[in-house]
Number of protein chains: 2
Amino acid sequence: MTLANLTRHAGEWLRGAGPMHDVVISSRVRLARNLAGMPFLSRCNDTQKQEILDRLKGEILQAGVAPKVFYVDVDAASDLDQALLVERHLISHPLVQADHPRGVAISENETAAIMVNEEDHLRLQVLRSALQLNEAFEEINRIDDLLEQRVDFAFSSRFGYLTACPTNVGTGLRVSVMLHLPALKLSGEIDRAFRAARDMRLAIRGLYGEGTEAMGDFFQVSNQVTLGRSEQQIVDDFVNDIVPHFLQYERRAREELLKNNRTEIDDKVFRAAAVLRAARRISSEETLYLLSLARLGVNLERIRDIELKTLNELFLLTLPAHLQKIHGRSLDAPRRAEVRAEFIRRRLGGE
Amino acid sequence: MTLANLTRHAGEWLRGAGPMHDVVISSRVRLARNLAGMPFLSRCNDTQKQEILDRLKGEILQAGVAPKVFYVDVDAASDLDQALLVERHLISHPLVQADHPRGVAISENETAAIMVNEEDHLRLQVLRSALQLNEAFEEINRIDDLLEQRVDFAFSSRFGYLTACPTNVGTGLRVSVMLHLPALKLSGEIDRAFRAARDMRLAIRGLYGEGTEAMGDFFQVSNQVTLGRSEQQIVDDFVNDIVPHFLQYERRAREELLKNNRTEIDDKVFRAAAVLRAARRISSEETLYLLSLARLGVNLERIRDIELKTLNELFLLTLPAHLQKIHGRSLDAPRRAEVRAEFIRRRLGGE
């Protein structure tokens, strides 16, 4: 397993199957952990940072957290490889931007990624397709337990797990789902859904993080507070309450559109698929917009000759770093637009 | 032959074949004639207008101007039928707007149309595909001669044929060609070509008449003056000088685009064809824009699965009156957009 292999496919989390996959793209759980007896990273000197990295890298690779694990030395990785890992949601922007020793261990199917020396000593992430929060929670607990057999994590009987940022204190558990809500967006009801979510103390982000909610039809919904509720309660809230809520809203909006605006929807989704198959140059932004519409068309069973998995993969594989990695060399934006169009055309069986 | 038959096809002038058909859509010649011994229409009373109509209608139908001729009583025609004839370039807006007795005789292949009681007592028009001005000129002369054997036209040995508007006095001949100049438009060189044309005392109009030059890539170029040059000289100027000039400009611009901007051109023309085949609702304006690009793609041999004739016909058959006539009933604009999209999809073999 190497980084180059990554671009042959999308990770498990984009396979487009699983519960509620028409609306829920992926489920993610994340834990923050710090070694007991070591300062938080912001207070470590260089020797300590290296010590933490060496220690945790060794333990992770020996703990058997997954059948196969590969480790990426982020310090040594090229800009392109770093960008590739960000696009695949395997590392975070802060990990890229840090200038101290850091790395990530990734399970072969990419469901698990363990960052060392991000904001905390350890950031464990499990990412799965569709609504699989319980499965993701089980997997992250298993990994957490395996590691805890080997190292002591900083823990307070009063606050729970201690973390660099107070908002993560407690269970340290962050739960999030990536939702595809094109019908709520088209019908203009999305703002109402967001207000309801914020009343439930949820954070909403666009596909590209905070402040990008207006771009595209993809939204990441996550819990804001980890203190005061058990980990299982947080997961249960998402699985039994929060996600079904969004799902119901979106599905109803889709039914309404089909009932009252069938031609408008058909026009949008068929044009989108046609342009994806015909374009000779296409930007990231337009690709995202058109793939979203095509995905709606497939989910509404209006488009029948494209698989959801293909579209999900294209969302990822058409991003700048992926395109360049697949192409084997660095490409400027105009050339990427051409390579992207060709790649999409080939995948979708265009002219 | 009836009006309903007209919508089964486009006239000869849109068959997309003939000399220089990659740039020249159609050639038109027009003559203005008035009966001797009768006032111009603006000075006729109602009885005289009816007399002119009856007289000329009878003579035209008996003169054998074409193997088959059908006559349309424009006074009695519905608004839709009038609009249909305007869209087919068989009658003019002024003829529609007039509120006195008027009509048009049309040859079965629609190359010849003879309006009675437009601005002049008679307006003869011959319209042919591509660059066929000499052929059109021969045909209109033949018709003019046949009519002149039966009636006396107002003629002055000093000025030539007398017409209601002084700009038509002399030969009374108006010559025009409809040009498709997408590459000059794309490259921004079109204004230079127009300035040159105006220096040659040519009039340039957009597809929809004066003031619409900025819309679309189609331009009608006509002579402004009919006095002082013989009819044959005017035609020769067009055939040997004016049209080859535009043709050369446009072809060179196309070659440049293919050489330097191949991907940009491919992107535009393939997207256009794809959207035409996929849309579920489409306006007249977007249709014109996309058909123009598709036509460029066919002419550049980038698009190989669409015939020029099909595109030429679509320009006409997707216009509002044609669509409604084909559909057999009146349709509002939103419904027309749907019917138009379906019609185009069927013609182009879309999904």
# chains A, B, ... in the order shown; residues from 1 in each chain; ligands from 1

$ select_by_dssp --residues "range 45-231 of chain A" --states "helix (DSSP H, G or I)" --output "short mmCIF file (atom, residue, chain, number, x, y, z; two decimals) with N, CA, C and O atoms, in the first residue's frame"
data_model
loop_
_atom_site.label_atom_id
_atom_site.label_comp_id
_atom_site.auth_asym_id
_atom_site.auth_seq_id
_atom_site.Cartn_x
_atom_site.Cartn_y
_atom_site.Cartn_z
N ASP A 46 10.79 20.95 21.00
CA ASP A 46 10.98 20.11 19.81
C ASP A 46 11.30 18.66 20.17
O ASP A 46 10.82 17.72 19.54
N THR A 47 12.12 18.47 21.21
CA THR A 47 12.48 17.12 21.61
C THR A 47 11.24 16.35 22.06
O THR A 47 11.03 15.18 21.68
N GLN A 48 10.39 17.04 22.82
CA GLN A 48 9.18 16.37 23.31
C GLN A 48 8.24 16.00 22.15
O GLN A 48 7.65 14.92 22.14
N LYS A 49 8.14 16.91 21.20
CA LYS A 49 7.27 16.63 20.04
C LYS A 49 7.74 15.40 19.29
O LYS A 49 6.96 14.53 18.90
N GLN A 50 9.05 15.31 19.09
CA GLN A 50 9.61 14.16 18.39
C GLN A 50 9.39 12.88 19.21
O GLN A 50 9.06 11.83 18.67
N GLU A 51 9.54 13.03 20.51
CA GLU A 51 9.37 11.90 21.42
C GLU A 51 7.92 11.36 21.32
O GLU A 51 7.69 10.15 21.24
N ILE A 52 6.96 12.30 21.32
CA ILE A 52 5.54 11.90 21.22
C ILE A 52 5.30 11.17 19.90
O ILE A 52 4.68 10.11 19.85
N LEU A 53 5.83 11.75 18.83
CA LEU A 53 5.62 11.15 17.52
C LEU A 53 6.21 9.74 17.47
O LEU A 53 5.53 8.78 17.06
N ASP A 54 7.47 9.60 17.91
CA ASP A 54 8.13 8.29 17.84
C ASP A 54 7.36 7.25 18.66
O ASP A 54 7.11 6.14 18.21
N ARG A 55 6.99 7.67 19.84
CA ARG A 55 6.29 6.78 20.76
C ARG A 55 4.96 6.31 20.15
O ARG A 55 4.69 5.11 20.02
N LEU A 56 4.14 7.29 19.70
CA LEU A 56 2.80 6.95 19.23
C LEU A 56 2.83 6.22 17.90
O LEU A 56 2.07 5.27 17.67
N LYS A 57 3.71 6.64 17.01
CA LYS A 57 3.83 5.93 15.73
C LYS A 57 4.12 4.46 15.97
O LYS A 57 3.47 3.57 15.41
N GLY A 58 5.10 4.19 16.88
CA GLY A 58 5.47 2.82 17.19
C GLY A 58 4.31 2.03 17.76
O GLY A 58 4.00 0.91 17.30
N GLU A 59 3.62 2.63 18.71
CA GLU A 59 2.51 1.93 19.37
C GLU A 59 1.38 1.65 18.38
O GLU A 59 0.78 0.57 18.38
N ILE A 60 1.05 2.65 17.57
CA ILE A 60 -0.06 2.47 16.61
C ILE A 60 0.25 1.32 15.66
O ILE A 60 -0.59 0.45 15.41
N LEU A 61 1.49 1.30 15.15
CA LEU A 61 1.83 0.28 14.15
C LEU A 61 1.90 -1.12 14.78
O LEU A 61 1.68 -2.12 14.09
N GLN A 62 2.16 -1.16 16.08
CA GLN A 62 2.22 -2.48 16.73
C GLN A 62 0.89 -2.90 17.34
O GLN A 62 0.71 -4.06 17.72
N ASP A 79 3.98 18.54 -1.19
CA ASP A 79 2.76 19.35 -1.10
C ASP A 79 1.58 18.62 -1.75
O ASP A 79 0.45 18.64 -1.25
N LEU A 80 1.88 17.98 -2.88
CA LEU A 80 0.82 17.29 -3.61
C LEU A 80 0.26 16.12 -2.80
O LEU A 80 -0.96 15.93 -2.72
N ASP A 81 1.16 15.34 -2.17
CA ASP A 81 0.69 14.22 -1.36
C ASP A 81 -0.10 14.70 -0.15
O ASP A 81 -1.11 14.10 0.23
N GLN A 82 0.35 15.79 0.43
CA GLN A 82 -0.40 16.36 1.55
C GLN A 82 -1.80 16.77 1.11
O GLN A 82 -2.80 16.47 1.77
N ALA A 83 -1.86 17.45 -0.04
CA ALA A 83 -3.16 17.89 -0.55
C ALA A 83 -4.05 16.69 -0.87
O ALA A 83 -5.27 16.71 -0.65
N LEU A 84 -3.43 15.63 -1.38
CA LEU A 84 -4.18 14.40 -1.70
C LEU A 84 -4.84 13.84 -0.43
O LEU A 84 -6.02 13.47 -0.43
N LEU A 85 -4.07 13.80 0.66
CA LEU A 85 -4.60 13.25 1.92
C LEU A 85 -5.71 14.14 2.49
O LEU A 85 -6.68 13.64 3.05
N VAL A 86 -5.58 15.46 2.30
CA VAL A 86 -6.65 16.36 2.74
C VAL A 86 -7.91 16.12 1.93
O VAL A 86 -9.01 16.00 2.47
N GLU A 87 -7.74 16.02 0.60
CA GLU A 87 -8.91 15.79 -0.26
C GLU A 87 -9.62 14.49 0.13
O GLU A 87 -10.83 14.39 0.04
N HIS A 93 -6.34 20.17 7.60
CA HIS A 93 -5.53 21.34 7.26
C HIS A 93 -4.54 21.69 8.37
O HIS A 93 -3.36 21.94 8.08
N PRO A 94 -4.97 21.72 9.65
CA PRO A 94 -3.99 22.05 10.71
C PRO A 94 -2.79 21.10 10.71
O PRO A 94 -1.67 21.55 10.98
N LEU A 95 -3.01 19.83 10.40
CA LEU A 95 -1.86 18.91 10.38
C LEU A 95 -0.89 19.29 9.26
O LEU A 95 0.33 19.24 9.43
N VAL A 96 -1.44 19.69 8.11
CA VAL A 96 -0.58 20.12 7.00
C VAL A 96 0.20 21.36 7.40
O VAL A 96 1.41 21.46 7.17
N GLN A 97 -0.50 22.32 8.03
CA GLN A 97 0.12 23.61 8.32
C GLN A 97 1.15 23.58 9.45
O GLN A 97 2.00 24.46 9.53
N LEU A 133 -22.91 5.34 11.65
CA LEU A 133 -22.28 5.93 12.83
C LEU A 133 -22.02 4.89 13.92
O LEU A 133 -20.99 4.91 14.58
N ASN A 134 -22.96 3.96 14.11
CA ASN A 134 -22.73 2.95 15.14
C ASN A 134 -21.53 2.07 14.78
O ASN A 134 -20.70 1.78 15.64
N GLU A 135 -21.46 1.70 13.51
CA GLU A 135 -20.33 0.89 13.07
C GLU A 135 -19.03 1.67 13.23
O GLU A 135 -18.01 1.13 13.67
N ALA A 136 -19.08 2.95 12.88
CA ALA A 136 -17.88 3.78 13.02
C ALA A 136 -17.50 3.94 14.49
O ALA A 136 -16.33 3.88 14.86
N PHE A 137 -18.52 4.08 15.32
CA PHE A 137 -18.29 4.24 16.76
C PHE A 137 -17.66 2.96 17.34
O PHE A 137 -16.71 3.01 18.13
N GLU A 138 -18.18 1.82 16.92
CA GLU A 138 -17.58 0.55 17.38
C GLU A 138 -16.13 0.45 16.96
O GLU A 138 -15.27 0.04 17.74
N GLU A 139 -15.85 0.81 15.71
CA GLU A 139 -14.48 0.68 15.21
C GLU A 139 -13.54 1.62 15.97
O GLU A 139 -12.44 1.24 16.35
N ILE A 140 -13.99 2.85 16.20
CA ILE A 140 -13.10 3.80 16.87
C ILE A 140 -12.89 3.40 18.34
O ILE A 140 -11.80 3.55 18.89
N ASN A 141 -13.92 2.83 18.95
CA ASN A 141 -13.78 2.35 20.32
C ASN A 141 -12.77 1.20 20.39
O ASN A 141 -11.96 1.12 21.31
N ARG A 142 -12.86 0.33 19.41
CA ARG A 142 -11.94 -0.80 19.36
C ARG A 142 -10.50 -0.31 19.24
O ARG A 142 -9.59 -0.76 19.96
N ILE A 143 -10.29 0.68 18.35
CA ILE A 143 -8.94 1.24 18.17
C ILE A 143 -8.48 1.95 19.44
O ILE A 143 -7.36 1.78 19.91
N ASP A 144 -9.39 2.73 20.00
CA ASP A 144 -9.09 3.46 21.24
C ASP A 144 -8.69 2.48 22.34
O ASP A 144 -7.69 2.69 23.05
N ASP A 145 -9.44 1.38 22.47
CA ASP A 145 -9.13 0.37 23.50
C ASP A 145 -7.77 -0.27 23.26
O ASP A 145 -6.99 -0.47 24.19
N LEU A 146 -7.49 -0.60 21.99
CA LEU A 146 -6.20 -1.23 21.67
C LEU A 146 -5.05 -0.31 22.05
O LEU A 146 -4.03 -0.76 22.59
N LEU A 147 -5.23 0.99 21.76
CA LEU A 147 -4.16 1.93 22.08
C LEU A 147 -4.05 2.13 23.59
O LEU A 147 -2.94 2.23 24.14
N GLU A 148 -5.19 2.17 24.24
CA GLU A 148 -5.19 2.41 25.68
C GLU A 148 -4.55 1.24 26.46
O GLU A 148 -4.13 1.42 27.61
N PRO A 166 -10.68 23.27 24.89
CA PRO A 166 -11.70 22.91 25.88
C PRO A 166 -12.99 22.37 25.26
O PRO A 166 -13.69 21.59 25.89
N THR A 167 -13.31 22.76 24.01
CA THR A 167 -14.57 22.28 23.42
C THR A 167 -14.54 20.78 23.16
O THR A 167 -15.57 20.16 22.94
N ASN A 168 -13.35 20.19 23.20
CA ASN A 168 -13.27 18.74 22.98
C ASN A 168 -13.20 17.94 24.28
O ASN A 168 -13.23 16.72 24.26
N PRO A 182 -29.84 18.49 -2.05
CA PRO A 182 -30.11 19.32 -3.23
C PRO A 182 -31.56 19.80 -3.32
O PRO A 182 -31.82 20.91 -3.77
N ALA A 183 -32.50 18.97 -2.89
CA ALA A 183 -33.92 19.36 -3.03
C ALA A 183 -34.26 20.47 -2.03
O ALA A 183 -34.98 21.41 -2.36
N LEU A 184 -33.72 20.38 -0.81
CA LEU A 184 -33.95 21.46 0.17
C LEU A 184 -33.34 22.75 -0.34
O LEU A 184 -33.89 23.83 -0.16
N LYS A 185 -32.21 22.64 -1.01
CA LYS A 185 -31.55 23.82 -1.58
C LYS A 185 -32.41 24.40 -2.71
O LYS A 185 -32.68 25.60 -2.72
N LEU A 186 -32.84 23.55 -3.62
CA LEU A 186 -33.64 24.01 -4.77
C LEU A 186 -34.96 24.63 -4.32
O LEU A 186 -35.42 25.62 -4.89
N SER A 187 -35.57 24.06 -3.31
CA SER A 187 -36.88 24.53 -2.89
C SER A 187 -36.77 25.73 -1.95
O SER A 187 -37.77 26.31 -1.57
N ILE A 190 -33.80 25.12 2.74
CA ILE A 190 -32.59 24.72 3.47
C ILE A 190 -32.33 25.59 4.70
O ILE A 190 -31.91 25.09 5.74
N ASP A 191 -32.64 26.89 4.59
CA ASP A 191 -32.35 27.77 5.72
C ASP A 191 -33.17 27.40 6.96
O ASP A 191 -32.68 27.45 8.08
N ARG A 192 -34.41 27.00 6.70
CA ARG A 192 -35.25 26.59 7.81
C ARG A 192 -34.67 25.33 8.48
O ARG A 192 -34.62 25.24 9.71
N ALA A 193 -34.20 24.40 7.66
CA ALA A 193 -33.61 23.18 8.21
C ALA A 193 -32.37 23.52 9.04
O ALA A 193 -32.12 22.92 10.09
N PHE A 194 -31.59 24.49 8.55
CA PHE A 194 -30.37 24.87 9.27
C PHE A 194 -30.69 25.53 10.61
O PHE A 194 -30.03 25.29 11.61
N ARG A 195 -31.72 26.38 10.59
CA ARG A 195 -32.08 27.04 11.85
C ARG A 195 -32.48 26.01 12.89
O ARG A 195 -32.06 26.07 14.06
N ALA A 196 -33.25 25.01 12.45
CA ALA A 196 -33.66 23.95 13.37
C ALA A 196 -32.43 23.23 13.90
O ALA A 196 -32.34 22.91 15.10
N ALA A 197 -31.46 22.99 13.01
CA ALA A 197 -30.25 22.27 13.43
C ALA A 197 -29.46 23.07 14.46
O ALA A 197 -28.95 22.52 15.44
N ARG A 198 -29.39 24.38 14.24
CA ARG A 198 -28.62 25.21 15.17
C ARG A 198 -29.30 25.28 16.54
O ARG A 198 -28.64 25.35 17.57
N ASP A 199 -30.64 25.24 16.50
CA ASP A 199 -31.37 25.18 17.77
C ASP A 199 -31.02 23.91 18.53
O ASP A 199 -31.08 23.87 19.76
N GLU A 231 -20.80 9.15 25.15
CA GLU A 231 -20.49 8.96 23.73
C GLU A 231 -21.66 8.27 23.02
O GLU A 231 -22.07 8.67 21.94
#

$ interface_residues --of "chain B" --to "chain A" --cutoff "10 Å" --atoms "only C-alpha atoms" --output "list in words"
Arg262, Thr263, Glu264, Ile265, Asp266, Asp267, Lys268, Val269, Phe270, Arg271, Ala272, Ala273, Ala274, Val275, Leu276, Arg277, Ala278, Ala279, Arg280, Arg281, Ile282, Glu338, Ala341, Gly350 and Glu351 of chain B

$ write_last_selection --atoms "N, CA and C atoms" --output "PDB file, in the first residue's frame"
ATOM      1  N   ARG B 262      -8.361  25.016 -29.971  1.00  0.00           N
ATOM      2  CA  ARG B 262      -9.098  23.795 -30.286  1.00  0.00           C
ATOM      3  C   ARG B 262      -9.941  23.313 -29.101  1.00  0.00           C
ATOM      4  N   THR B 263      -9.351  23.294 -27.913  1.00  0.00           N
ATOM      5  CA  THR B 263     -10.083  22.763 -26.765  1.00  0.00           C
ATOM      6  C   THR B 263     -11.255  23.666 -26.405  1.00  0.00           C
ATOM      7  N   GLU B 264     -11.035  24.975 -26.498  1.00  0.00           N
ATOM      8  CA  GLU B 264     -12.110  25.913 -26.194  1.00  0.00           C
ATOM      9  C   GLU B 264     -13.289  25.714 -27.152  1.00  0.00           C
ATOM     10  N   ILE B 265     -12.947  25.572 -28.427  1.00  0.00           N
ATOM     11  CA  ILE B 265     -13.988  25.363 -29.436  1.00  0.00           C
ATOM     12  C   ILE B 265     -14.702  24.034 -29.203  1.00  0.00           C
ATOM     13  N   ASP B 266     -13.914  22.981 -29.005  1.00  0.00           N
ATOM     14  CA  ASP B 266     -14.521  21.677 -28.746  1.00  0.00           C
ATOM     15  C   ASP B 266     -15.442  21.750 -27.540  1.00  0.00           C
ATOM     16  N   ASP B 267     -14.967  22.412 -26.496  1.00  0.00           N
ATOM     17  CA  ASP B 267     -15.774  22.522 -25.285  1.00  0.00           C
ATOM     18  C   ASP B 267     -17.112  23.184 -25.604  1.00  0.00           C
ATOM     19  N   LYS B 268     -17.052  24.282 -26.338  1.00  0.00           N
ATOM     20  CA  LYS B 268     -18.284  25.011 -26.650  1.00  0.00           C
ATOM     21  C   LYS B 268     -19.229  24.194 -27.532  1.00  0.00           C
ATOM     22  N   VAL B 269     -18.697  23.597 -28.588  1.00  0.00           N
ATOM     23  CA  VAL B 269     -19.606  22.946 -29.540  1.00  0.00           C
ATOM     24  C   VAL B 269     -20.156  21.626 -28.986  1.00  0.00           C
ATOM     25  N   PHE B 270     -19.340  20.878 -28.255  1.00  0.00           N
ATOM     26  CA  PHE B 270     -19.846  19.612 -27.713  1.00  0.00           C
ATOM     27  C   PHE B 270     -20.832  19.848 -26.568  1.00  0.00           C
ATOM     28  N   ARG B 271     -20.561  20.865 -25.759  1.00  0.00           N
ATOM     29  CA  ARG B 271     -21.547  21.207 -24.732  1.00  0.00           C
ATOM     30  C   ARG B 271     -22.864  21.609 -25.385  1.00  0.00           C
ATOM     31  N   ALA B 272     -22.766  22.422 -26.436  1.00  0.00           N
ATOM     32  CA  ALA B 272     -23.990  22.902 -27.090  1.00  0.00           C
ATOM     33  C   ALA B 272     -24.817  21.732 -27.604  1.00  0.00           C
ATOM     34  N   ALA B 273     -24.164  20.816 -28.317  1.00  0.00           N
ATOM     35  CA  ALA B 273     -24.894  19.665 -28.862  1.00  0.00           C
ATOM     36  C   ALA B 273     -25.478  18.822 -27.732  1.00  0.00           C
ATOM     37  N   ALA B 274     -24.714  18.655 -26.658  1.00  0.00           N
ATOM     38  CA  ALA B 274     -25.171  17.825 -25.545  1.00  0.00           C
ATOM     39  C   ALA B 274     -26.396  18.432 -24.875  1.00  0.00           C
ATOM     40  N   VAL B 275     -26.366  19.747 -24.675  1.00  0.00           N
ATOM     41  CA  VAL B 275     -27.501  20.400 -24.009  1.00  0.00           C
ATOM     42  C   VAL B 275     -28.732  20.350 -24.908  1.00  0.00           C
ATOM     43  N   LEU B 276     -28.534  20.546 -26.215  1.00  0.00           N
ATOM     44  CA  LEU B 276     -29.670  20.450 -27.132  1.00  0.00           C
ATOM     45  C   LEU B 276     -30.325  19.075 -27.039  1.00  0.00           C
ATOM     46  N   ARG B 277     -29.498  18.053 -26.849  1.00  0.00           N
ATOM     47  CA  ARG B 277     -30.031  16.693 -26.789  1.00  0.00           C
ATOM     48  C   ARG B 277     -30.574  16.312 -25.422  1.00  0.00           C
ATOM     49  N   ALA B 278     -30.305  17.135 -24.424  1.00  0.00           N
ATOM     50  CA  ALA B 278     -30.677  16.741 -23.062  1.00  0.00           C
ATOM     51  C   ALA B 278     -31.750  17.622 -22.437  1.00  0.00           C
ATOM     52  N   ALA B 279     -31.842  18.873 -22.888  1.00  0.00           N
ATOM     53  CA  ALA B 279     -32.731  19.827 -22.207  1.00  0.00           C
ATOM     54  C   ALA B 279     -34.175  19.345 -22.229  1.00  0.00           C
ATOM     55  N   ARG B 280     -34.895  19.684 -21.198  1.00  0.00           N
ATOM     56  CA  ARG B 280     -36.335  19.381 -21.086  1.00  0.00           C
ATOM     57  C   ARG B 280     -37.167  20.641 -21.223  1.00  0.00           C
ATOM     58  N   ARG B 281     -36.532  21.793 -21.228  1.00  0.00           N
ATOM     59  CA  ARG B 281     -37.192  23.054 -21.527  1.00  0.00           C
ATOM     60  C   ARG B 281     -36.099  23.998 -22.023  1.00  0.00           C
ATOM     61  N   ILE B 282     -36.428  24.752 -23.041  1.00  0.00           N
ATOM     62  CA  ILE B 282     -35.396  25.601 -23.628  1.00  0.00           C
ATOM     63  C   ILE B 282     -36.054  26.775 -24.336  1.00  0.00           C
ATOM     64  N   GLU B 338     -41.003  23.611 -23.286  1.00  0.00           N
ATOM     65  CA  GLU B 338     -40.980  22.156 -23.121  1.00  0.00           C
ATOM     66  C   GLU B 338     -41.139  21.442 -24.456  1.00  0.00           C
ATOM     67  N   ALA B 341     -38.000  21.765 -26.508  1.00  0.00           N
ATOM     68  CA  ALA B 341     -36.926  20.863 -26.070  1.00  0.00           C
ATOM     69  C   ALA B 341     -37.182  19.437 -26.563  1.00  0.00           C
ATOM     70  N   GLY B 350     -31.607  12.685 -29.205  1.00  0.00           N
ATOM     71  CA  GLY B 350     -31.163  12.745 -27.808  1.00  0.00           C
ATOM     72  C   GLY B 350     -31.862  11.662 -27.002  1.00  0.00           C
ATOM     73  N   GLU B 351     -31.603  11.694 -25.699  1.00  0.00           N
ATOM     74  CA  GLU B 351     -32.192  10.666 -24.804  1.00  0.00           C
ATOM     75  C   GLU B 351     -33.717  10.805 -24.752  1.00  0.00           C
TER      76      GLU B 351
END

$ select_by_dssp --residues "range 136-198 of chain B" --states "strand (DSSP E)" --output "list in words"
Phe155, Ser156, Gly160, Tyr161, Leu173, Arg174, Val175, Ser176, Val177, Met178, Leu179 and His180 of chain B

$ residues_around --residues "Gln324 in chain A" --least-positions-apart "6" --cutoff "12 Å" --atoms "only C-alpha atoms" --output "list of chain:residue names"
A:Ala4, A:Thr7, A:Asp79, A:Leu80, A:Asp81, A:Ala83, A:Leu84, A:Leu317, A:Thr318, A:Ser330, A:Leu331, A:Asp332, A:Ala333, A:Arg335, A:Arg336, A:Ala337, A:Glu338, A:Val339, A:Arg340, A:Phe343

$ residues_around --residues "Gly170 in chain B" --least-positions-apart "2" --cutoff "8 Å" --atoms "only C-alpha atoms" --output "NGL selection string"
:B and (159-162 or 168 or 172-173 or 226-228)

$ residues_around --residues "Gly188 in chain A" --least-positions-apart "6" --cutoff "12 Å" --atoms "only C-alpha atoms" --output "PyMOL selection string"
chain A and resi 181-182+194+214+217+249-250+253+257

$ write_last_selection --atoms "C-alpha atoms" --output "compact mmCIF listing (two decimals), in the first residue's frame"
# COMPACT_ATOMS: atom_id res chain seq x y z
CA LEU A 181 -29.52 18.14 0.35
CA PRO A 182 -30.11 19.32 -3.23
CA PHE A 194 -30.37 24.87 9.27
CA ALA A 214 -23.74 28.57 0.23
CA ASP A 217 -25.57 21.04 -1.94
CA TYR A 249 -37.05 16.91 5.13
CA GLU A 250 -34.92 16.20 2.08
CA ALA A 253 -38.65 18.07 -0.72
CA LEU A 257 -40.21 18.56 -6.67

$ atom_distance --atom1 "CA of Lys259 in chain A" --atom2 "CA of His245 in chain A"
21.2 Å

$ residues_around --residues "range 27-34 of chain B" --least-positions-apart "5" --cutoff "7 Å" --atoms "only C-alpha atoms" --output "PyMOL selection string"
chain B and resi 120-133+136-137+153-154+161+163+172-178

$ atom_distance --atom1 "CA of Ser284 in chain A" --atom2 "CA of Leu323 in chain A"
10.7 Å

$ closest_residue --among "A:Thr287, A:Asn117, A:Ser230, A:Asn240" --to "Asp75 in chain A" --atoms "only C-alpha atoms"
A:Asn117

$ closest_residue --among "B:Leu35, B:Asn312, B:His327, B:Thr171" --to "Ala17 in chain B" --atoms "only C-alpha atoms"
B:Asn312
